[in-house]
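> Structure supplied as data_3.json; contents: JSON, C-alpha atoms.
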[["chain", "number", "residue", "atom", "x", "y", "z"],
["A", 1, "MET", "CA", 0.00, 0.00, 0.00],
["A", 2, "LEU", "CA", 2.80, 2.39, 0.81],
["A", 3, "GLU", "CA", 6.11, 1.07, -0.44],
["A", 4, "SER", "CA", 5.26, -0.36, -3.86],
["A", 5, "PHE", "CA", 2.57, 2.16, -4.75],
["A", 6, "THR", "CA", 4.75, 5.14, -3.83],
["A", 7, "ARG", "CA", 7.59, 3.83, -5.95],
["A", 8, "PHE", "CA", 5.17, 3.19, -8.80],
["A", 9, "ALA", "CA", 3.51, 6.63, -8.55],
["A", 10, "SER", "CA", 6.88, 8.42, -8.46],
["A", 11, "GLY", "CA", 8.26, 6.50, -11.44],
["A", 12, "ARG", "CA", 10.85, 4.57, -9.44],
["A", 13, "PHE", "CA", 11.90, 0.92, -9.62],
["A", 14, "PHE", "CA", 9.82, -1.47, -7.54],
["A", 15, "ASN", "CA", 9.04, -5.15, -7.40],
["A", 16, "PHE", "CA", 5.79, -6.99, -7.91],
["A", 17, "ASN", "CA", 4.88, -9.38, -5.13],
["A", 18, "GLY", "CA", 5.20, -13.00, -6.18],
["A", 19, "THR", "CA", 2.51, -13.99, -3.69],
["A", 20, "ALA", "CA", -0.09, -11.59, -5.08],
["A", 21, "GLY", "CA", 1.09, -10.53, -8.53],
["A", 22, "ILE", "CA", 0.09, -11.47, -12.05],
["A", 23, "LEU", "CA", 2.35, -11.32, -15.10],
["A", 24, "ARG", "CA", 1.60, -12.36, -18.65],
["A", 25, "ARG", "CA", 3.87, -15.01, -20.10],
["A", 26, "ARG", "CA", 4.93, -12.51, -22.76],
["A", 27, "ALA", "CA", 5.95, -10.05, -20.04],
["A", 28, "ILE", "CA", 8.25, -12.66, -18.50],
["A", 29, "GLU", "CA", 9.74, -13.53, -21.89],
["A", 30, "GLU", "CA", 10.37, -9.84, -22.69],
["A", 31, "ALA", "CA", 12.35, -9.52, -19.45],
["A", 32, "GLY", "CA", 14.63, -12.38, -20.48],
["A", 33, "GLY", "CA", 12.65, -15.32, -19.10],
["A", 34, "TRP", "CA", 12.20, -16.84, -15.68],
["A", 35, "GLU", "CA", 15.47, -17.36, -13.81],
["A", 36, "HIS", "CA", 15.93, -19.26, -10.56],
["A", 37, "ASP", "CA", 19.45, -18.28, -9.50],
["A", 38, "THR", "CA", 18.12, -16.13, -6.62],
["A", 39, "LEU", "CA", 15.73, -16.85, -3.75],
["A", 40, "THR", "CA", 13.53, -13.87, -4.71],
["A", 41, "GLU", "CA", 12.69, -14.53, -8.34],
["A", 42, "ASP", "CA", 9.89, -11.94, -8.29],
["A", 43, "LEU", "CA", 12.30, -9.16, -7.28],
["A", 44, "ASP", "CA", 14.82, -10.31, -9.87],
["A", 45, "LEU", "CA", 12.22, -10.40, -12.63],
["A", 46, "SER", "CA", 10.80, -7.01, -11.70],
["A", 47, "TYR", "CA", 14.18, -5.30, -11.86],
["A", 48, "ARG", "CA", 15.15, -6.98, -15.10],
["A", 49, "ARG", "CA", 11.88, -5.73, -16.60],
["A", 50, "ALA", "CA", 12.45, -2.21, -15.29],
["A", 51, "ALA", "CA", 16.01, -2.12, -16.65],
["A", 52, "GLU", "CA", 14.53, -2.85, -20.10],
["A", 53, "GLY", "CA", 12.11, 0.07, -19.73],
["A", 54, "LEU", "CA", 9.05, -2.18, -19.25],
["A", 55, "GLU", "CA", 6.43, -1.04, -16.75],
["A", 56, "ILE", "CA", 4.50, -2.87, -14.05],
["A", 57, "TYR", "CA", 1.21, -1.38, -12.87],
["A", 58, "VAL", "CA", 0.04, -1.23, -9.25],
["A", 59, "PRO", "CA", -3.74, -0.89, -8.74],
["A", 60, "PRO", "CA", -4.01, 0.62, -5.23],
["A", 61, "THR", "CA", -7.69, -0.24, -4.81],
["A", 62, "LEU", "CA", -7.28, -3.97, -5.48],
["A", 63, "GLY", "CA", -6.63, -5.88, -2.27],
["A", 64, "VAL", "CA", -5.37, -9.46, -2.14],
["A", 65, "PRO", "CA", -5.60, -11.28, 1.22],
["A", 66, "ALA", "CA", -2.26, -12.68, 2.32],
["A", 67, "GLU", "CA", -1.03, -14.75, 5.24],
["A", 68, "LEU", "CA", 1.95, -14.48, 7.51],
["A", 69, "PRO", "CA", 3.77, -17.64, 8.61],
["A", 70, "VAL", "CA", 2.04, -19.27, 11.55],
["A", 71, "GLU", "CA", 4.89, -19.09, 14.06],
["A", 72, "MET", "CA", 8.32, -17.58, 14.72],
["A", 73, "ASN", "CA", 10.45, -20.27, 13.09],
["A", 74, "SER", "CA", 8.65, -19.89, 9.78],
["A", 75, "PHE", "CA", 8.57, -16.09, 10.05],
["A", 76, "LYS", "CA", 12.34, -15.96, 10.55],
["A", 77, "SER", "CA", 12.87, -18.35, 7.64],
["A", 78, "GLN", "CA", 10.73, -16.17, 5.41],
["A", 79, "GLN", "CA", 12.46, -12.91, 6.39],
["A", 80, "CYS", "CA", 15.92, -14.45, 6.00],
["A", 81, "ARG", "CA", 14.99, -15.80, 2.59],
["A", 82, "TRP", "CA", 13.89, -12.33, 1.48],
["A", 83, "ALA", "CA", 17.03, -10.70, 2.90],
["A", 84, "LYS", "CA", 19.34, -13.20, 1.24],
["A", 85, "GLY", "CA", 17.43, -13.12, -2.03],
["A", 86, "ALA", "CA", 17.47, -9.32, -2.15],
["A", 87, "MET", "CA", 21.25, -9.33, -1.71],
["A", 88, "GLN", "CA", 21.57, -11.92, -4.48],
["A", 89, "VAL", "CA", 19.46, -9.73, -6.77],
["A", 90, "CYS", "CA", 21.56, -6.72, -5.77],
["A", 91, "LYS", "CA", 24.76, -8.44, -6.91],
["A", 92, "LYS", "CA", 23.11, -9.68, -10.08],
["A", 93, "VAL", "CA", 21.02, -6.73, -11.26],
["A", 94, "LEU", "CA", 22.20, -3.51, -9.59],
["A", 95, "PRO", "CA", 25.31, -3.08, -11.81],
["A", 96, "ARG", "CA", 23.07, -3.49, -14.85],
["A", 97, "VAL", "CA", 20.67, -0.85, -13.50],
["A", 98, "LEU", "CA", 23.49, 1.60, -12.77],
["A", 99, "ARG", "CA", 24.77, 1.18, -16.34],
["A", 100, "SER", "CA", 21.33, 1.66, -17.88],
["A", 101, "ASP", "CA", 19.83, 4.85, -19.28],
["A", 102, "VAL", "CA", 17.34, 5.41, -16.46],
["A", 103, "SER", "CA", 17.39, 8.65, -14.48],
["A", 104, "ILE", "CA", 19.69, 9.38, -11.56],
["A", 105, "GLY", "CA", 16.72, 9.34, -9.20],
["A", 106, "GLU", "CA", 15.75, 5.83, -10.32],
["A", 107, "LYS", "CA", 19.31, 4.61, -9.88],
["A", 108, "VAL", "CA", 19.57, 6.06, -6.38],
["A", 109, "GLU", "CA", 16.24, 4.52, -5.36],
["A", 110, "ALA", "CA", 17.26, 1.16, -6.81],
["A", 111, "TRP", "CA", 20.51, 1.36, -4.83],
["A", 112, "TYR", "CA", 18.71, 1.98, -1.53],
["A", 113, "HIS", "CA", 16.02, -0.58, -2.30],
["A", 114, "LEU", "CA", 18.34, -3.46, -3.12],
["A", 115, "THR", "CA", 20.90, -2.71, -0.39],
["A", 116, "GLY", "CA", 18.29, -2.04, 2.33],
["A", 117, "ASN", "CA", 18.95, -5.31, 4.16],
["A", 118, "VAL", "CA", 22.49, -4.18, 4.97],
["A", 119, "THR", "CA", 20.77, -2.61, 7.98],
["A", 120, "TYR", "CA", 20.78, -6.08, 9.60],
["A", 121, "PRO", "CA", 24.57, -6.28, 10.14],
["A", 122, "LEU", "CA", 24.64, -2.55, 10.92],
["A", 123, "MET", "CA", 22.09, -3.13, 13.70],
["A", 124, "VAL", "CA", 24.25, -5.93, 15.11],
["A", 125, "LEU", "CA", 27.19, -3.51, 15.13],
["A", 126, "LEU", "CA", 25.03, -0.91, 16.90],
["A", 127, "SER", "CA", 24.00, -3.52, 19.46],
["A", 128, "LEU", "CA", 27.64, -4.22, 20.28],
["A", 129, "VAL", "CA", 28.78, -0.60, 20.61],
["A", 130, "LEU", "CA", 25.78, 0.65, 22.58],
["A", 131, "PHE", "CA", 27.16, -0.40, 25.97],
["A", 132, "PRO", "CA", 30.63, 1.14, 25.47],
["A", 133, "ALA", "CA", 28.92, 4.31, 24.20],
["A", 134, "LEU", "CA", 26.75, 4.36, 27.33],
["A", 135, "ILE", "CA", 29.84, 4.18, 29.54],
["A", 136, "VAL", "CA", 31.70, 6.88, 27.59],
["A", 137, "ARG", "CA", 28.73, 9.23, 27.45],
["A", 138, "PHE", "CA", 27.67, 8.76, 31.08],
["A", 139, "ASN", "CA", 29.04, 12.11, 32.21],
["A", 140, "GLN", "CA", 27.83, 14.07, 29.23],
["A", 141, "GLY", "CA", 25.98, 17.32, 29.83],
["A", 142, "TRP", "CA", 22.57, 18.49, 28.65],
["A", 143, "PHE", "CA", 24.13, 20.40, 25.75],
["A", 144, "GLU", "CA", 25.56, 17.22, 24.17],
["A", 145, "LEU", "CA", 22.32, 15.36, 24.88],
["A", 146, "ILE", "CA", 20.15, 17.96, 23.14],
["A", 147, "THR", "CA", 22.45, 18.77, 20.22],
["A", 148, "ILE", "CA", 23.75, 15.26, 19.39],
["A", 149, "ASP", "CA", 21.82, 12.38, 20.95],
["A", 150, "LEU", "CA", 18.28, 13.75, 20.73],
["A", 151, "PRO", "CA", 18.37, 14.66, 16.98],
["A", 152, "LEU", "CA", 19.90, 11.29, 16.09],
["A", 153, "PHE", "CA", 17.30, 9.44, 18.13],
["A", 154, "ILE", "CA", 14.41, 11.41, 16.59],
["A", 155, "LEU", "CA", 15.68, 10.85, 13.05],
["A", 156, "SER", "CA", 16.20, 7.12, 13.50],
["A", 157, "PHE", "CA", 12.92, 6.53, 15.31],
["A", 158, "SER", "CA", 10.73, 8.80, 13.18],
["A", 159, "SER", "CA", 11.74, 7.14, 9.90],
["A", 160, "VAL", "CA", 10.53, 3.72, 11.05],
["A", 161, "SER", "CA", 7.47, 4.90, 12.97],
["A", 162, "SER", "CA", 6.20, 7.25, 10.24],
["A", 163, "PHE", "CA", 6.55, 4.49, 7.65],
["A", 164, "TYR", "CA", 4.30, 2.07, 9.54],
["A", 165, "ILE", "CA", 1.89, 4.68, 10.89],
["A", 166, "THR", "CA", 1.28, 6.02, 7.37],
["A", 167, "SER", "CA", 0.66, 2.54, 6.00],
["A", 168, "GLN", "CA", -1.77, 1.63, 8.77],
["A", 169, "LYS", "CA", -3.62, 4.93, 8.33],
["A", 170, "ALA", "CA", -4.04, 4.19, 4.63],
["A", 171, "LEU", "CA", -5.28, 0.65, 5.25],
["A", 172, "HIS", "CA", -7.34, 0.66, 8.45],
["A", 173, "LYS", "CA", -9.91, 2.91, 10.09],
["A", 174, "ASP", "CA", -8.72, 1.88, 13.53],
["A", 175, "TRP", "CA", -5.13, 2.79, 12.75],
["A", 176, "CYS", "CA", -4.74, 4.69, 16.06],
["A", 177, "LYS", "CA", -5.14, 1.42, 17.98],
["A", 178, "ARG", "CA", -2.66, -0.32, 15.73],
["A", 179, "ILE", "CA", 0.05, 2.18, 16.65],
["A", 180, "LEU", "CA", 0.19, 0.44, 20.04],
["A", 181, "TYR", "CA", 1.82, -2.53, 18.28],
["A", 182, "LEU", "CA", 4.72, -0.39, 17.03],
["A", 183, "PRO", "CA", 7.11, -1.08, 19.96],
["A", 184, "GLY", "CA", 6.50, -4.82, 19.59],
["A", 185, "LEU", "CA", 7.05, -4.57, 15.86],
["A", 186, "MET", "CA", 10.36, -2.78, 16.40],
["A", 187, "ALA", "CA", 11.42, -5.37, 18.97],
["A", 188, "VAL", "CA", 10.73, -8.23, 16.55],
["A", 189, "GLY", "CA", 12.75, -6.35, 13.92],
["A", 190, "ILE", "CA", 15.65, -6.09, 16.37],
["A", 191, "GLY", "CA", 15.34, -9.80, 17.10],
["A", 192, "MET", "CA", 15.72, -10.51, 13.39],
["A", 193, "THR", "CA", 19.08, -8.76, 13.09],
["A", 194, "ILE", "CA", 21.35, -11.74, 13.84],
["A", 195, "PRO", "CA", 19.74, -14.33, 11.51],
["A", 196, "GLY", "CA", 19.13, -11.52, 9.02],
["A", 197, "SER", "CA", 22.83, -10.61, 9.07],
["A", 198, "LYS", "CA", 23.73, -14.22, 8.40],
["A", 199, "ALA", "CA", 21.34, -14.28, 5.44],
["A", 200, "VAL", "CA", 22.71, -11.01, 4.02],
["A", 201, "LEU", "CA", 26.32, -12.20, 4.27],
["A", 202, "GLU", "CA", 25.41, -15.52, 2.63],
["A", 203, "GLY", "CA", 23.78, -13.63, -0.23],
["A", 204, "ALA", "CA", 26.75, -11.29, -0.56],
["A", 205, "PHE", "CA", 29.33, -14.08, -0.62],
["A", 206, "GLY", "CA", 27.36, -16.51, -2.77],
["A", 207, "VAL", "CA", 26.53, -19.18, -0.18],
["A", 208, "GLN", "CA", 23.77, -21.33, -1.71],
["A", 209, "SER", "CA", 20.78, -22.67, 0.22],
["A", 210, "PRO", "CA", 17.55, -24.45, -0.76],
["A", 211, "LEU", "CA", 14.12, -22.81, -0.82],
["A", 212, "SER", "CA", 12.15, -24.27, 2.09],
["A", 213, "ALA", "CA", 8.35, -24.39, 2.15],
["A", 214, "LEU", "CA", 6.54, -22.57, 4.94],
["A", 215, "PRO", "CA", 3.31, -23.74, 6.58],
["A", 216, "SER", "CA", 0.36, -21.36, 6.30],
["A", 217, "SER", "CA", -2.39, -20.89, 8.85],
["A", 218, "ARG", "CA", -4.54, -23.26, 6.80],
["A", 219, "SER", "CA", -2.07, -25.97, 7.77],
["A", 220, "ARG", "CA", -3.53, -25.99, 11.26],
["A", 221, "GLY", "CA", -6.06, -28.61, 10.25],
["A", 222, "ALA", "CA", -6.39, -32.22, 11.27],
["A", 223, "LYS", "CA", -2.97, -33.17, 9.96],
["A", 224, "GLY", "CA", -1.26, -30.52, 12.07],
["A", 225, "ASP", "CA", 1.43, -29.93, 9.43],
["A", 226, "TRP", "CA", 2.56, -26.74, 11.13],
["A", 227, "LYS", "CA", 3.76, -28.86, 14.06],
["A", 228, "ASN", "CA", 5.69, -31.17, 11.77],
["A", 229, "LYS", "CA", 9.33, -31.45, 12.82],
["A", 230, "LYS", "CA", 10.49, -30.32, 9.37],
["A", 231, "TYR", "CA", 9.30, -26.83, 10.28],
["A", 232, "ARG", "CA", 11.02, -26.78, 13.66],
["A", 233, "CYS", "CA", 14.19, -24.83, 14.21],
["A", 234, "GLN", "CA", 17.52, -26.48, 14.81],
["A", 235, "ILE", "CA", 19.43, -25.37, 17.89],
["A", 236, "GLY", "CA", 22.78, -24.13, 16.64],
["A", 237, "TRP", "CA", 25.28, -21.35, 17.14],
["A", 238, "LEU", "CA", 22.71, -18.69, 16.21],
["A", 239, "THR", "CA", 20.59, -19.78, 19.17],
["A", 240, "ILE", "CA", 23.51, -19.28, 21.55],
["A", 241, "VAL", "CA", 24.45, -15.91, 20.02],
["A", 242, "GLU", "CA", 20.89, -14.54, 20.25],
["A", 243, "ILE", "CA", 20.47, -15.66, 23.86],
["A", 244, "CYS", "CA", 23.83, -14.09, 24.71],
["A", 245, "PHE", "CA", 22.72, -10.81, 23.13],
["A", 246, "GLY", "CA", 19.54, -10.90, 25.20],
["A", 247, "LEU", "CA", 21.47, -11.53, 28.41],
["A", 248, "TYR", "CA", 23.97, -8.83, 27.39],
["A", 249, "TYR", "CA", 21.17, -6.28, 27.22],
["A", 250, "THR", "CA", 19.75, -7.50, 30.52],
["A", 251, "MET", "CA", 23.13, -6.66, 32.05],
["A", 252, "ILE", "CA", 23.13, -3.25, 30.35],
["A", 253, "ALA", "CA", 19.66, -2.48, 31.71],
["A", 254, "LEU", "CA", 20.78, -3.36, 35.26],
["A", 255, "TYR", "CA", 23.92, -1.26, 34.81],
["A", 256, "ALA", "CA", 21.87, 1.75, 33.68],
["A", 257, "TRP", "CA", 19.46, 1.27, 36.59],
["A", 258, "ASN", "CA", 22.27, 1.20, 39.14],
["A", 259, "LEU", "CA", 23.75, 4.40, 37.71],
["A", 260, "GLY", "CA", 20.36, 6.10, 37.60],
["A", 261, "ILE", "CA", 20.34, 6.51, 33.80],
["A", 262, "TYR", "CA", 16.64, 5.78, 33.63],
["A", 263, "GLY", "CA", 15.98, 7.53, 30.34],
["A", 264, "VAL", "CA", 17.80, 4.91, 28.24],
["A", 265, "ILE", "CA", 16.31, 1.86, 29.96],
["A", 266, "PRO", "CA", 13.15, 1.61, 27.75],
["A", 267, "PHE", "CA", 15.38, 1.73, 24.67],
["A", 268, "ILE", "CA", 17.66, -0.96, 26.11],
["A", 269, "LEU", "CA", 14.72, -3.17, 27.07],
["A", 270, "LEU", "CA", 13.49, -2.95, 23.47],
["A", 271, "PHE", "CA", 16.71, -4.67, 22.38],
["A", 272, "GLN", "CA", 16.59, -7.17, 25.24],
["A", 273, "PHE", "CA", 12.97, -8.11, 24.56],
["A", 274, "GLY", "CA", 13.61, -8.40, 20.83],
["A", 275, "TYR", "CA", 16.48, -10.86, 21.16],
["A", 276, "LEU", "CA", 14.95, -12.98, 23.92],
["A", 277, "TYR", "CA", 11.37, -12.96, 22.63],
["A", 278, "THR", "CA", 12.11, -14.18, 19.11],
["A", 279, "ARG", "CA", 14.58, -16.80, 20.32],
["A", 280, "THR", "CA", 12.49, -18.18, 23.20],
["A", 281, "LEU", "CA", 9.49, -18.45, 20.88],
["A", 282, "ARG", "CA", 11.58, -20.54, 18.50],
["A", 283, "LEU", "CA", 12.75, -22.81, 21.31],
["A", 284, "TRP", "CA", 9.22, -23.17, 22.65],
["A", 285, "ARG", "CA", 7.89, -24.15, 19.21],
["A", 286, "ARG", "CA", 10.67, -26.68, 18.82],
["A", 287, "ARG", "CA", 9.79, -28.18, 22.20]]
Take the structure in the file and write it out as structure tokens.

Amino acid sequence: MLESFTRFASGRFFNFNGTAGILRRRAIEEAGGWEHDTLTEDLDLSYRRAAEGLEIYVPPTLGVPAELPVEMNSFKSQQCRWAKGAMQVCKKVLPRVLRSDVSIGEKVEAWYHLTGNVTYPLMVLLSLVLFPALIVRFNQGWFELITIDLPLFILSFSSVSSFYITSQKALHKDWCKRILYLPGLMAVGIGMTIPGSKAVLEGAFGVQSPLSALPSSRSRGAKGDWKNKKYRCQIGWLTIVEICFGLYYTMIALYAWNLGIYGVIPFILLFQFGYLYTRTLRLWRRR
């Protein structure tokens, strides 16, 4: 409603959604045919079409019901697949787009669109440096807080919040109530940073992986496919890393409490909740 339609209306590159998109066979052939060397074939096909000057239309009034994965394991698998696939498409198609005859604005938007998942490893880096920064900046005055920290916090928070608030306002009449889910949404996004970083690095360095099927909510029938062990997570090094990050932020929250730095505790707890919530849900589902 917001992302694709805004790109379409402003004449920028965008991708049709493979779950709820229709293309003529001729349209696929004109773009060079269907290729399966990335995990996000719809994004790949869309950009190859756009690089050839072929348009895709977005009807904003046509809604197609879609489903999220039924539980955290499947949700993480889906998000990691998209992150890795987008990086694969970036390596494959972005140089072609930058060499094409499209406008500078389209090239810049394509750059930000295809490299957007780099935020995953950047968030992991932020998570690691937050505690040392808290120690260094403990004795800062109000001038530094107002002129440096506050503007950076407002810019980083407002970009995410305005994006989701605008989309919910466009889609739902009760959008004010839905804003209450924003902190939880941000926490889940934080919890995705470690597996998302792994997916981005695999896509960047060409590590291949199979496309795994995800159970939908309609799989909750008599067969109980969504409980099948093939959908359960495997406990590996990512599990240990995510739990350690959650405990790390628990320690930071206690440290801030003991020093009386109460203003940063809600922000710290957002990280702690994000890492522990997504990981404990995965472990519970596996159990």
> Quick one: which range 92-121 of chain A residues come within 12 Å of range 180-202 of chain A, and what is the nearest atom pair for each with the distance in Å to one decimal, counting all atoms listed in the file, rows ordered by chain and ascending number, as CSV?

residue,atom,partner,partner_atom,distance
A:Leu114,CA,A:Val200,CA,11.3
A:Thr115,CA,A:Val200,CA,9.6
A:Gly116,CA,A:Val200,CA,10.1
A:Asn117,CA,A:Val200,CA,6.8
A:Val118,CA,A:Val200,CA,6.9
A:Thr119,CA,A:Thr193,CA,8.2
A:Tyr120,CA,A:Thr193,CA,4.7
A:Pro121,CA,A:Ser197,CA,4.8
> In terms of the shortest atom-to-atom distance over all atoms listed in the file, which of A:Asp149, A:Leu238, A:Gly53, A:His172 is closest to Leu134 in chain A?
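For Leu134 in chain A, the nearest of the candidates is A:Asp149.
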> Using 3 Å of padding on each side, determine the axis-aligned box around all atoms of range 167-174 of chain A present in the file and give its centre and edge lengths in Å to one decimal, as lines of an AutoDock Vina configuration file.

center_x = -4.6
center_y = 2.8
center_z = 9.1
size_x = 16.6
size_y = 10.3
size_z = 14.9
> Kindly give the distance, in Å, that separates CA of Ile135 in chain A and CA of Ala256 in chain A, rounded to a single decimal.
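Straight-line distance from CA of Ile135 in chain A to CA of Ala256 in chain A works out to 9.3 Å.
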> Taking (-0.3, 2.6, -7.3) in the file's coordinates as the center, which residues reach within 8 Å of it, counting only C-alpha atoms, put as a PyMOL selection string?
chain A and resi 1+4-6+8-9+57-60
> Hey, can you check how far CA of Ser103 in chain A sits from CA of Arg48 in chain A?
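CA of Arg48 in chain A lies 15.8 Å from CA of Ser103 in chain A.
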> Choose the residue, out of A:Phe14, A:Trp175, A:Phe163, A:Trp237, that has the smallest atom-to-atom separation from Leu43 in chain A; count only C-alpha atoms.
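Closest residue, counting only C-alpha atoms: A:Phe14.
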> So how many Å separate CA of Ala110 in chain A and CA of Leu98 in chain A, to one decimal?
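Separating CA of Ala110 in chain A from CA of Leu98 in chain A is a distance of 8.6 Å.
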> List the neighbours of Glu35 in chain A out to 9 Å using all atoms listed in the file; skip same-chain residues closer than 6 positions along the sequence, and give me the result as a VMD selection string.
chain A and resid 41 44 to 45
> Residues at most 6 Å from Gly85 in chain A, counting only C-alpha atoms, excluding those fewer than 4 positions away in the same chain, as a PyMOL selection string?
chain A and resi 38-40+81
> Write out as a VMD selection string each polymer residue whose atoms come within 9 Å of Asp42 in chain A, counting only C-alpha atoms; drop sequence neighbours fewer than 5 positions from it.
chain A and resid 15 to 19 21 47
> Out of A:Arg12, A:Ile104, A:Glu55, A:Ile265, which residue has the shortest atom-to-atom distance to Ala31 in chain A when counting all atoms listed in the file?
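Of all the options, A:Glu55 lies closest to Ala31 in chain A.
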> Would you please work out which residue, of A:Ser46, A:Ser209, A:Ser162, A:Gln168, is nearest to Ser77 in chain A when using all atoms listed in the file?
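Of A:Ser46, A:Ser209, A:Ser162, A:Gln168, the one nearest Ser77 in chain A, counting all atoms listed in the file, is A:Ser209.
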> Please fill the gaps in range 18-38 of chain A so it has N, CA and C atoms, and write that as a short mmCIF file (atom, residue, chain, number, x, y, z; two decimals), keeping the file's coordinate frame.

data_model
loop_
_atom_site.label_atom_id
_atom_site.label_comp_id
_atom_site.auth_asym_id
_atom_site.auth_seq_id
_atom_site.Cartn_x
_atom_site.Cartn_y
_atom_site.Cartn_z
N GLY A 18 5.43 -11.68 -5.59
CA GLY A 18 5.20 -13.00 -6.18
C GLY A 18 4.03 -13.74 -5.56
N THR A 19 3.64 -13.35 -4.33
CA THR A 19 2.51 -13.99 -3.69
C THR A 19 1.19 -13.46 -4.22
N ALA A 20 1.16 -12.21 -4.63
CA ALA A 20 -0.09 -11.59 -5.08
C ALA A 20 0.17 -10.70 -6.30
N GLY A 21 0.81 -11.27 -7.30
CA GLY A 21 1.09 -10.53 -8.53
C GLY A 21 0.81 -11.38 -9.74
N ILE A 22 0.41 -10.75 -10.81
CA ILE A 22 0.09 -11.47 -12.05
C ILE A 22 0.91 -10.88 -13.18
N LEU A 23 1.61 -11.73 -13.92
CA LEU A 23 2.35 -11.32 -15.10
C LEU A 23 1.95 -12.20 -16.28
N ARG A 24 1.82 -11.58 -17.43
CA ARG A 24 1.60 -12.36 -18.65
C ARG A 24 2.88 -13.13 -19.01
N ARG A 25 2.71 -14.23 -19.67
CA ARG A 25 3.87 -15.01 -20.10
C ARG A 25 4.76 -14.16 -21.01
N ARG A 26 4.15 -13.35 -21.85
CA ARG A 26 4.93 -12.51 -22.76
C ARG A 26 5.78 -11.50 -21.98
N ALA A 27 5.21 -11.01 -20.86
CA ALA A 27 5.95 -10.05 -20.04
C ALA A 27 7.20 -10.68 -19.45
N ILE A 28 7.09 -11.95 -19.05
CA ILE A 28 8.25 -12.66 -18.50
C ILE A 28 9.29 -12.89 -19.60
N GLU A 29 8.82 -13.27 -20.78
CA GLU A 29 9.74 -13.53 -21.89
C GLU A 29 10.46 -12.25 -22.30
N GLU A 30 9.76 -11.11 -22.29
CA GLU A 30 10.37 -9.84 -22.69
C GLU A 30 11.47 -9.41 -21.70
N ALA A 31 11.34 -9.88 -20.46
CA ALA A 31 12.35 -9.52 -19.45
C ALA A 31 13.54 -10.47 -19.47
N GLY A 32 13.53 -11.44 -20.38
CA GLY A 32 14.63 -12.38 -20.48
C GLY A 32 14.31 -13.77 -19.96
N GLY A 33 13.04 -14.01 -19.58
CA GLY A 33 12.65 -15.32 -19.10
C GLY A 33 12.78 -15.48 -17.60
N TRP A 34 12.17 -16.54 -17.11
CA TRP A 34 12.20 -16.84 -15.68
C TRP A 34 13.55 -17.43 -15.30
N GLU A 35 14.18 -16.88 -14.27
CA GLU A 35 15.47 -17.36 -13.81
C GLU A 35 15.38 -17.70 -12.32
N HIS A 36 16.05 -18.77 -11.92
CA HIS A 36 15.93 -19.26 -10.56
C HIS A 36 17.26 -19.25 -9.83
N ASP A 37 18.15 -18.34 -10.16
CA ASP A 37 19.45 -18.28 -9.50
C ASP A 37 19.44 -17.40 -8.25
N THR A 38 18.26 -16.87 -7.87
CA THR A 38 18.12 -16.13 -6.62
C THR A 38 16.92 -16.69 -5.86
#
